[in-house]
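Data file: work_24.pdb. Format and content: PDB, C-alpha atoms.
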```pdb
MODEL        1
ATOM      1  CA  MET D1414      76.755 -19.441 -52.160
ATOM      2  CA  SER D1415      76.204 -22.995 -53.277
ATOM      3  CA  THR D1416      74.073 -25.155 -51.022
ATOM      4  CA  LYS D1417      72.343 -28.468 -51.333
ATOM      5  CA  SER D1418      68.946 -26.808 -51.050
ATOM      6  CA  SER D1419      69.306 -23.703 -53.186
ATOM      7  CA  GLY D1420      68.780 -25.270 -56.561
ATOM      8  CA  THR D1421      66.950 -28.510 -55.996
ATOM      9  CA  ARG D1422      64.044 -29.865 -54.006
ATOM     10  CA  ALA D1423      64.800 -29.894 -50.289
ATOM     11  CA  LEU D1424      64.395 -33.000 -48.182
ATOM     12  CA  MET D1425      61.801 -31.249 -45.981
ATOM     13  CA  GLU D1426      59.733 -28.167 -46.613
ATOM     14  CA  LEU D1427      57.544 -26.049 -44.365
ATOM     15  CA  ARG D1428      55.223 -23.253 -45.458
ATOM     16  CA  PHE D1429      53.465 -20.947 -43.004
ATOM     17  CA  PRO D1430      51.861 -17.462 -42.975
ATOM     18  CA  SER D1431      53.763 -14.300 -42.053
ATOM     19  CA  ASP D1432      52.439 -14.115 -38.495
ATOM     20  CA  SER D1433      54.632 -14.031 -35.401
ATOM     21  CA  LYS D1434      52.436 -16.622 -33.699
ATOM     22  CA  TYR D1435      54.100 -19.277 -35.875
ATOM     23  CA  LEU D1436      57.659 -18.398 -34.851
ATOM     24  CA  HIS D1437      57.710 -20.746 -31.871
ATOM     25  CA  MET D1438      56.344 -23.571 -34.010
ATOM     26  CA  VAL D1439      59.180 -23.049 -36.518
ATOM     27  CA  HIS D1440      61.682 -22.879 -33.654
ATOM     28  CA  GLU D1441      60.501 -26.173 -32.187
ATOM     29  CA  LEU D1442      60.296 -27.987 -35.516
ATOM     30  CA  THR D1443      63.821 -26.859 -36.360
ATOM     31  CA  ARG D1444      65.119 -27.993 -32.971
ATOM     32  CA  LEU D1445      63.506 -31.403 -33.321
ATOM     33  CA  LEU D1446      64.743 -31.803 -36.888
ATOM     34  CA  ALA D1447      68.297 -30.883 -35.875
ATOM     35  CA  GLU D1448      68.201 -33.344 -32.972
ATOM     36  CA  THR D1449      66.729 -36.061 -35.181
ATOM     37  CA  THR D1450      69.474 -35.605 -37.749
ATOM     38  CA  GLY D1451      72.367 -35.900 -35.343
ATOM     39  CA  PHE D1452      72.947 -32.598 -33.574
ATOM     40  CA  GLU D1453      73.295 -32.589 -29.800
ATOM     41  CA  THR D1454      70.531 -30.804 -27.893
ATOM     42  CA  ALA D1455      72.597 -27.678 -27.171
ATOM     43  CA  GLU D1456      73.588 -27.362 -30.837
ATOM     44  CA  ALA D1457      70.029 -28.010 -31.994
ATOM     45  CA  GLU D1458      68.866 -25.150 -29.745
ATOM     46  CA  LYS D1459      71.371 -22.797 -31.407
ATOM     47  CA  ILE D1460      70.203 -23.750 -34.890
ATOM     48  CA  ALA D1461      66.565 -23.315 -33.835
ATOM     49  CA  LEU D1462      67.314 -19.860 -32.459
ATOM     50  CA  ALA D1463      69.027 -18.851 -35.709
ATOM     51  CA  VAL D1464      65.968 -19.934 -37.707
ATOM     52  CA  ASP D1465      63.685 -18.139 -35.214
ATOM     53  CA  GLU D1466      65.663 -14.935 -35.780
ATOM     54  CA  ALA D1467      65.724 -15.351 -39.565
ATOM     55  CA  THR D1468      61.977 -15.928 -39.786
ATOM     56  CA  THR D1469      61.344 -13.058 -37.358
ATOM     57  CA  ASN D1470      63.268 -10.794 -39.738
ATOM     58  CA  VAL D1471      61.082 -11.950 -42.624
ATOM     59  CA  VAL D1472      57.845 -11.343 -40.672
ATOM     60  CA  GLN D1473      58.882  -7.970 -39.268
ATOM     61  CA  HIS D1474      61.185  -6.468 -41.903
ATOM     62  CA  ALA D1475      60.594  -8.212 -45.235
ATOM     63  CA  TYR D1476      56.802  -8.149 -44.826
ATOM     64  CA  GLY D1477      56.710  -5.196 -42.424
ATOM     65  CA  GLY D1478      54.551  -7.077 -39.929
ATOM     66  CA  GLU D1479      51.838  -7.599 -42.530
ATOM     67  CA  ALA D1480      49.994 -10.910 -42.179
ATOM     68  CA  GLY D1481      48.872 -13.128 -45.043
ATOM     69  CA  HIS D1482      52.130 -13.646 -46.910
ATOM     70  CA  ASP D1483      53.905 -16.950 -47.395
ATOM     71  CA  ILE D1484      57.174 -17.975 -45.793
ATOM     72  CA  GLU D1485      58.814 -21.231 -46.836
ATOM     73  CA  VAL D1486      61.592 -22.989 -44.995
ATOM     74  CA  HIS D1487      63.504 -25.781 -46.728
ATOM     75  CA  PHE D1488      65.686 -28.131 -44.729
ATOM     76  CA  ASP D1489      68.334 -30.452 -46.095
ATOM     77  CA  PRO D1490      70.122 -32.405 -43.368
ATOM     78  CA  GLU D1491      71.867 -34.885 -45.669
ATOM     79  CA  GLY D1492      75.652 -35.011 -45.855
ATOM     80  CA  ASP D1493      78.054 -33.050 -43.696
ATOM     81  CA  SER D1494      75.768 -30.083 -43.002
ATOM     82  CA  LEU D1495      72.244 -28.984 -42.244
ATOM     83  CA  ASP D1496      71.274 -26.484 -44.924
ATOM     84  CA  ILE D1497      68.283 -24.250 -44.274
ATOM     85  CA  VAL D1498      66.829 -21.876 -46.847
ATOM     86  CA  ILE D1499      64.055 -19.414 -45.999
ATOM     87  CA  PHE D1500      62.109 -18.070 -48.977
ATOM     88  CA  HIS D1501      59.870 -15.008 -49.025
ATOM     89  CA  GLU D1502      58.500 -12.454 -51.481
ATOM     90  CA  GLY D1503      58.816  -9.377 -49.301
ATOM     91  CA  LYS D1504      61.452  -6.669 -49.184
ATOM     92  CA  PRO D1505      64.949  -8.038 -49.904
ATOM     93  CA  LEU D1506      66.670  -8.162 -46.521
ATOM     94  CA  GLU D1507      70.104  -7.663 -48.039
ATOM     95  CA  SER D1508      68.933  -4.146 -48.955
ATOM     96  CA  ILE D1509      68.501  -3.186 -45.281
ATOM     97  CA  PRO D1510      71.762  -1.838 -43.843
ATOM     98  CA  VAL D1511      72.923  -3.582 -40.664
ATOM     99  CA  PRO D1512      75.540  -1.717 -38.620
ATOM    100  CA  ALA D1513      78.408  -3.668 -37.076
ATOM    101  CA  PHE D1514      77.391  -5.204 -33.746
ATOM    102  CA  ASP D1515      78.497  -3.120 -30.772
ATOM    103  CA  LEU D1516      76.589  -3.979 -27.582
ATOM    104  CA  ASP D1517      77.896  -0.978 -25.625
ATOM    105  CA  GLU D1518      76.741   1.387 -28.353
ATOM    106  CA  LEU D1519      73.314  -0.252 -28.610
ATOM    107  CA  VAL D1520      72.870   0.024 -24.824
ATOM    108  CA  ALA D1521      74.043   3.649 -24.735
ATOM    109  CA  GLU D1522      71.539   4.528 -27.454
ATOM    110  CA  HIS D1523      68.700   2.583 -25.723
ATOM    111  CA  LYS D1524      68.259   0.465 -28.829
ATOM    112  CA  THR D1525      65.995  -2.565 -28.623
ATOM    113  CA  GLY D1526      66.933  -4.100 -31.981
ATOM    114  CA  GLY D1527      70.074  -4.976 -33.891
ATOM    115  CA  LEU D1528      70.756  -8.382 -32.360
ATOM    116  CA  GLY D1529      69.022 -10.837 -34.688
ATOM    117  CA  LEU D1530      71.554 -11.024 -37.502
ATOM    118  CA  THR D1531      74.409 -11.273 -35.007
ATOM    119  CA  ILE D1532      72.707 -14.255 -33.366
ATOM    120  CA  MET D1533      72.221 -15.894 -36.767
ATOM    121  CA  ARG D1534      75.881 -15.418 -37.673
ATOM    122  CA  GLN D1535      77.098 -16.724 -34.329
ATOM    123  CA  MET D1536      74.896 -19.809 -34.347
ATOM    124  CA  MET D1537      75.410 -20.830 -37.980
ATOM    125  CA  ASP D1538      78.519 -21.329 -40.110
ATOM    126  CA  LYS D1539      77.154 -19.441 -43.136
ATOM    127  CA  VAL D1540      74.390 -16.851 -43.432
ATOM    128  CA  GLU D1541      73.594 -15.074 -46.671
ATOM    129  CA  HIS D1542      70.638 -13.173 -48.077
ATOM    130  CA  MET D1543      70.237 -13.352 -51.823
ATOM    131  CA  LYS D1544      67.805 -13.627 -54.722
ATOM    132  CA  ALA D1545      66.657 -17.116 -55.753
ATOM    133  CA  GLY D1546      66.399 -18.175 -59.369
ATOM    134  CA  THR D1547      62.613 -18.103 -59.027
ATOM    135  CA  GLY D1548      62.712 -14.391 -58.194
ATOM    136  CA  LYS D1549      61.925 -14.991 -54.533
ATOM    137  CA  ASN D1550      64.246 -13.692 -51.852
ATOM    138  CA  MET D1551      66.051 -16.200 -49.729
ATOM    139  CA  CYS D1552      68.129 -16.452 -46.600
ATOM    140  CA  VAL D1553      70.575 -19.323 -46.851
ATOM    141  CA  MET D1554      72.013 -20.726 -43.637
ATOM    142  CA  VAL D1555      74.417 -23.623 -43.267
ATOM    143  CA  ARG D1556      75.503 -25.411 -40.125
ATOM    144  CA  TYR D1557      78.220 -28.066 -40.449
ATOM    145  CA  LYS D1558      77.843 -31.191 -38.350
ATOM    146  CA  GLN D1559      81.519 -31.086 -37.419
ATOM    147  CA  ARG D1560      82.067 -27.492 -36.398
ATOM    148  CA  ASP D1561      85.417 -25.807 -35.985
ATOM    149  CA  PRO D1562      86.133 -26.269 -32.238
ATOM    150  CA  LYS D1563      86.932 -22.566 -31.812
ATOM    151  CA  SER D1564      83.445 -21.590 -33.073
TER     152      SER D1564
ATOM    153  CA  MET I1009      53.644 -12.999 -16.344
ATOM    154  CA  GLU I1010      54.267 -13.673 -12.659
ATOM    155  CA  SER I1011      55.863 -10.799 -10.788
ATOM    156  CA  ARG I1012      56.371 -10.600  -7.024
ATOM    157  CA  GLN I1013      58.153  -8.519  -4.448
ATOM    158  CA  VAL I1014      60.901  -9.998  -2.305
ATOM    159  CA  GLY I1015      61.673  -7.093  -0.019
ATOM    160  CA  ASP I1016      62.605  -4.223  -2.309
ATOM    161  CA  VAL I1017      63.461  -6.518  -5.231
ATOM    162  CA  THR I1018      60.897  -7.198  -7.955
ATOM    163  CA  VAL I1019      61.221 -10.778  -9.182
ATOM    164  CA  ILE I1020      59.827 -11.359 -12.675
ATOM    165  CA  CYS I1021      59.311 -14.984 -13.741
ATOM    166  CA  PRO I1022      58.837 -15.467 -17.498
ATOM    167  CA  GLN I1023      57.532 -18.896 -18.455
ATOM    168  CA  GLY I1024      58.164 -20.797 -21.683
ATOM    169  CA  PHE I1025      59.881 -18.602 -24.237
ATOM    170  CA  ILE I1026      60.357 -14.961 -25.131
ATOM    171  CA  ASN I1027      60.340 -14.196 -28.831
ATOM    172  CA  ALA I1028      58.880 -11.529 -31.110
ATOM    173  CA  HIS I1029      55.369 -12.869 -30.482
ATOM    174  CA  THR I1030      55.498 -12.915 -26.676
ATOM    175  CA  VAL I1031      57.930 -10.096 -25.971
ATOM    176  CA  ARG I1032      55.218  -7.534 -25.235
ATOM    177  CA  GLN I1033      54.260  -9.327 -21.994
ATOM    178  CA  PHE I1034      57.877  -9.344 -20.872
ATOM    179  CA  GLU I1035      58.325  -5.687 -21.762
ATOM    180  CA  GLN I1036      55.130  -4.762 -19.916
ATOM    181  CA  ALA I1037      56.198  -6.639 -16.784
ATOM    182  CA  LEU I1038      59.516  -4.786 -16.669
ATOM    183  CA  SER I1039      58.047  -1.416 -17.592
ATOM    184  CA  GLN I1040      55.290  -1.776 -14.991
ATOM    185  CA  ALA I1041      57.806  -2.491 -12.240
ATOM    186  CA  LEU I1042      59.877   0.543 -13.209
ATOM    187  CA  GLU I1043      56.790   2.773 -13.461
ATOM    188  CA  ASP I1044      55.776   1.633  -9.979
ATOM    189  CA  GLY I1045      59.136   2.830  -8.697
ATOM    190  CA  HIS I1046      60.662  -0.629  -8.305
ATOM    191  CA  GLN I1047      64.122  -0.223  -9.772
ATOM    192  CA  LYS I1048      65.707  -3.410  -8.456
ATOM    193  CA  ILE I1049      64.667  -6.065 -10.935
ATOM    194  CA  LEU I1050      65.547  -9.745 -10.853
ATOM    195  CA  ILE I1051      64.484 -11.963 -13.731
ATOM    196  CA  ASN I1052      64.118 -15.538 -12.519
ATOM    197  CA  GLY I1053      64.759 -17.635 -15.634
ATOM    198  CA  SER I1054      63.982 -21.048 -14.109
ATOM    199  CA  GLY I1055      60.870 -21.358 -16.283
ATOM    200  CA  LEU I1056      62.420 -19.873 -19.400
ATOM    201  CA  ALA I1057      63.264 -22.312 -22.204
ATOM    202  CA  TYR I1058      64.814 -19.733 -24.556
ATOM    203  CA  ILE I1059      64.998 -16.019 -25.237
ATOM    204  CA  ALA I1060      65.304 -14.554 -28.732
ATOM    205  CA  SER I1061      66.683 -11.168 -29.719
ATOM    206  CA  ALA I1062      63.351  -9.448 -29.062
ATOM    207  CA  GLY I1063      63.584 -10.264 -25.348
ATOM    208  CA  LEU I1064      67.249  -9.377 -25.107
ATOM    209  CA  GLY I1065      66.428  -6.079 -26.782
ATOM    210  CA  VAL I1066      64.025  -5.193 -23.954
ATOM    211  CA  ILE I1067      66.777  -5.640 -21.373
ATOM    212  CA  MET I1068      69.213  -3.716 -23.576
ATOM    213  CA  GLY I1069      66.796  -0.821 -23.963
ATOM    214  CA  LEU I1070      65.907  -0.447 -20.277
ATOM    215  CA  ILE I1071      69.087  -1.186 -18.361
ATOM    216  CA  GLU I1072      70.795   2.211 -18.669
ATOM    217  CA  ASP I1073      67.760   4.144 -17.441
ATOM    218  CA  THR I1074      67.253   1.669 -14.621
ATOM    219  CA  ARG I1075      70.833   2.055 -13.480
ATOM    220  CA  SER I1076      70.694   5.824 -13.748
ATOM    221  CA  LYS I1077      67.868   5.686 -11.158
ATOM    222  CA  GLY I1078      69.928   3.568  -8.783
ATOM    223  CA  GLY I1079      68.500   0.213  -9.803
ATOM    224  CA  ASP I1080      69.530  -2.643 -12.024
ATOM    225  CA  ILE I1081      68.251  -5.573 -14.070
ATOM    226  CA  ARG I1082      69.802  -8.859 -12.954
ATOM    227  CA  LEU I1083      69.077 -12.462 -13.843
ATOM    228  CA  ALA I1084      69.127 -15.784 -12.050
ATOM    229  CA  GLU I1085      68.596 -19.486 -12.682
ATOM    230  CA  LEU I1086      69.221 -19.364 -16.429
ATOM    231  CA  ASN I1087      69.339 -22.652 -18.304
ATOM    232  CA  ASP I1088      72.245 -23.500 -20.604
ATOM    233  CA  THR I1089      70.440 -22.263 -23.726
ATOM    234  CA  VAL I1090      69.768 -18.814 -22.290
ATOM    235  CA  ARG I1091      73.183 -18.608 -20.660
ATOM    236  CA  ASN I1092      74.805 -19.455 -23.989
ATOM    237  CA  ILE I1093      73.049 -16.689 -25.875
ATOM    238  CA  PHE I1094      73.996 -14.257 -23.109
ATOM    239  CA  GLU I1095      77.640 -15.221 -23.486
ATOM    240  CA  VAL I1096      77.594 -15.157 -27.296
ATOM    241  CA  LEU I1097      76.332 -11.570 -27.324
ATOM    242  CA  GLY I1098      78.270 -10.351 -24.289
ATOM    243  CA  PHE I1099      75.193  -9.846 -22.109
ATOM    244  CA  ASN I1100      77.005 -11.679 -19.310
ATOM    245  CA  HIS I1101      79.241  -8.595 -19.109
ATOM    246  CA  LEU I1102      76.291  -6.213 -19.344
ATOM    247  CA  CYS I1103      74.107  -7.866 -16.686
ATOM    248  CA  LYS I1104      74.876  -9.624 -13.439
ATOM    249  CA  VAL I1105      73.815 -13.282 -13.709
ATOM    250  CA  LEU I1106      73.347 -15.211 -10.454
ATOM    251  CA  SER I1107      72.872 -18.929  -9.990
ATOM    252  CA  SER I1108      69.808 -18.733  -7.716
ATOM    253  CA  GLU I1109      66.964 -16.329  -6.951
ATOM    254  CA  GLN I1110      68.182 -16.033  -3.382
ATOM    255  CA  GLU I1111      71.639 -15.027  -4.571
ATOM    256  CA  GLY I1112      70.045 -12.553  -6.952
ATOM    257  CA  VAL I1113      68.030 -10.893  -4.200
ATOM    258  CA  GLU I1114      71.014 -10.882  -1.855
ATOM    259  CA  SER I1115      73.231  -9.336  -4.536
ATOM    260  CA  TYR I1116      71.181  -6.134  -4.222
ATOM    261  CA  HIS I1117      71.577  -6.067  -0.465
ATOM    262  CA  ALA I1118      75.303  -6.655  -0.703
ATOM    263  CA  GLY I1119      75.503  -3.288  -2.474
ATOM    264  CA  THR I1120      77.334  -4.735  -5.446
ATOM    265  CA  ALA I1121      77.041  -2.630  -8.534
ATOM    266  CA  GLY I1122      75.773  -4.285 -11.686
TER     267      GLY I1122
ENDMDL
END
```

If you convert what's in this file into C-alpha cells, what do you get?
Amino acid sequence: MSTKSSGTRALMELRFPSDSKYLHMVHELTRLLAETTGFETAEAEKIALAVDEATTNVVQHAYGGEAGHDIEVHFDPEGDSLDIVIFHEGKPLESIPVPAFDLDELVAEHKTGGLGLTIMRQMMDKVEHMKAGTGKNMCVMVRYKQRDPKS
Amino acid sequence: MESRQVGDVTVICPQGFINAHTVRQFEQALSQALEDGHQKILINGSGLAYIASAGLGVIMGLIEDTRSKGGDIRLAELNDTVRNIFEVLGFNHLCKVLSSEQEGVESYHAGTAG
C-alpha cells in the first residue's frame, strides 16, 4: 500500500511507551488532529476510535502487554486523506490470524475479544499491517476526507 | 463506578470512557451485580464519551449467561459516538437500547424480552 507517510517524514509524529494508560491520550490527540484538519466531530471520533483500537492491539498483542517498548504514530493530514501509520517492534500483527467477524458466534462462545480489527476496518477506508523498510512493523490506516456516501 | 438499584434493576453509570485501560472497572461493576443476584442490568451511558472494543467485549461475554438466568443487559442515554459504534457492529440488534434511564427501567417491567 502506498501512502504519504510510509516512505517519508510525516507531518506530525507521536512516540509513547507501550502502556495502556496512554491509549486515551492517543485517542484524544487523534480526535483533535482530525477535527483541526477538517473532519466533522462525528468523523473525527471514528478515526480516533480506529487509532485507539490499533494502538491497543500493539500494546496487548504485538508487545504482549509488556511495558517499556516504543510505539510511534505518524500523521499526515495533507491532501485528500488523513494517513496514519503506527510503528512498533513487537510481534508482527499480520501473523496473528483474525477470524471473520460474526457477532452471533462471538456471543454464543462468550468471547470478549475479536472486535478491534472490525472497528478499524469500519471506521477507516484502508487498514493494512505490513513491514516497514526500516524493519519495524507498521499498521497503515487511511481515511479519505470525501468518503463514499455508502460507507 | 457508580452503581445503584432502581427497584430490581441495577443501573450502572460509567463515566468518561471505556477502553483497554479502564475496562476492568466496568467489568467488575457488571460482574459484581450478577454475583449479587441482580440480573436486570441497565447501563446508563449519559456520562460515557466513548466505548472501545474492550468494553463492548465485556457486554458480549456476559449477555448470554445473564439472559439464561432470566435477566438482561440493556443500555440507555447513549451519545451519538457510542450509538454509532453499536450500530456499526450490530450491537443494537444484540442489546435493547433505550433513550432514557426511566424507559430502560420500565422496559424490564413491561416484560419485553431483550

Closest to chain D among I:Glu1109, I:Glu1043, I:Glu1010, I:Asp1088, using all atoms listed in the file? I:Asp1088

Residues of chain D that approach chain I to 6 Å or less, counting only C-alpha atoms: could you list each one with the shortest pair of atoms and its distance in Å to one decimal, rows by chain and increasing residue number, as a tab-separated table?
```
residue	atom	partner	partner_atom	distance
D:Ser1433	CA	I:His1029	CA	5.1
D:Lys1434	CA	I:His1029	CA	5.7
D:Val1520	CA	I:Met1068	CA	5.4
D:His1523	CA	I:Gly1069	CA	4.3
D:Lys1524	CA	I:Gly1069	CA	5.2
D:Thr1525	CA	I:Gly1065	CA	4.0
D:Gly1526	CA	I:Gly1065	CA	5.6
D:Leu1528	CA	I:Ser1061	CA	5.6
D:Gly1529	CA	I:Ser1061	CA	5.5
```

Between D:Asp1483, D:Glu1458, D:Asp1465, D:Asp1515, single out the one closest to D:Phe1500, counting all atoms listed in the file.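 When distances to D:Phe1500 are compared using all atoms listed in the file, the smallest one comes from D:Asp1483.
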
Can you work out the spacing between atom CA of I:Val1019 and atom CA of D:Ala1463 in Å, to one decimal?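 Computing it gives 28.8 Å between the two atoms.
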
Centre, x/y/z edge lengths, axis-aligned box for stretch 1052-1058 of chain I with 3 Å per side, as JSON:
```
{"center_x": 62.8, "center_y": -18.9, "center_z": -18.5, "size_x": 9.9, "size_y": 12.8, "size_z": 18.0}
```

Quick one, how far is atom CA of D:His1474 from atom CA of D:Arg1428?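 For atom CA of D:His1474 relative to atom CA of D:Arg1428, the distance reads 18.2 Å.
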
If I take atom CA of I:Lys1077 and atom CA of D:Glu1522, how far is one from the other in Å, to one decimal?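 These two atoms are separated by 16.7 Å.
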
Kindly provide, as a list of chain:residue names, the polymer residues lying within 12 Å of (65.5, -2.8, 0.3), counting only C-alpha atoms and using the coordinates exactly as they appear in the file.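 It turns out the residues near that spot are I:Gln1013, I:Val1014, I:Gly1015, I:Asp1016, I:Val1017, I:Thr1018, I:His1046, I:Gln1047, I:Lys1048, I:Ile1049, I:Gly1078, I:Gly1079, I:Val1113, I:Glu1114, I:Ser1115, I:Tyr1116, I:His1117, I:Ala1118, I:Gly1119.
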
Once you count only C-alpha atoms, which residues end up no further than 12 Å from (67.2, -5.5, -44.8) in the file's frame, shown as a list in words? Ala1467, Asn1470, Val1471, Val1472, Gln1473, His1474, Ala1475, Tyr1476, Gly1477, Gly1503, Lys1504, Pro1505, Leu1506, Glu1507, Ser1508, Ile1509, Pro1510, Val1511, Pro1512, Gly1527, Gly1529, Leu1530, Glu1541, His1542, Met1543, Asn1550, Met1551 and Cys1552 of chain D

Write out as a PyMOL selection string each polymer residue whose atoms come within 12 Å of I:Asn1100, counting only C-alpha atoms; drop sequence neighbours fewer than 5 positions from it. (chain D and resi 1516) or (chain I and resi 1064+1068+1081-1084+1086+1090-1095+1105-1106+1122)

Selected residue of minimal separation from D:Leu1442 among D:Val1464, D:Leu1424, D:Met1554, D:Leu1495, counting all atoms listed in the file: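 Of D:Val1464, D:Leu1424, D:Met1554, D:Leu1495, the one nearest D:Leu1442, counting all atoms listed in the file, is D:Val1464.
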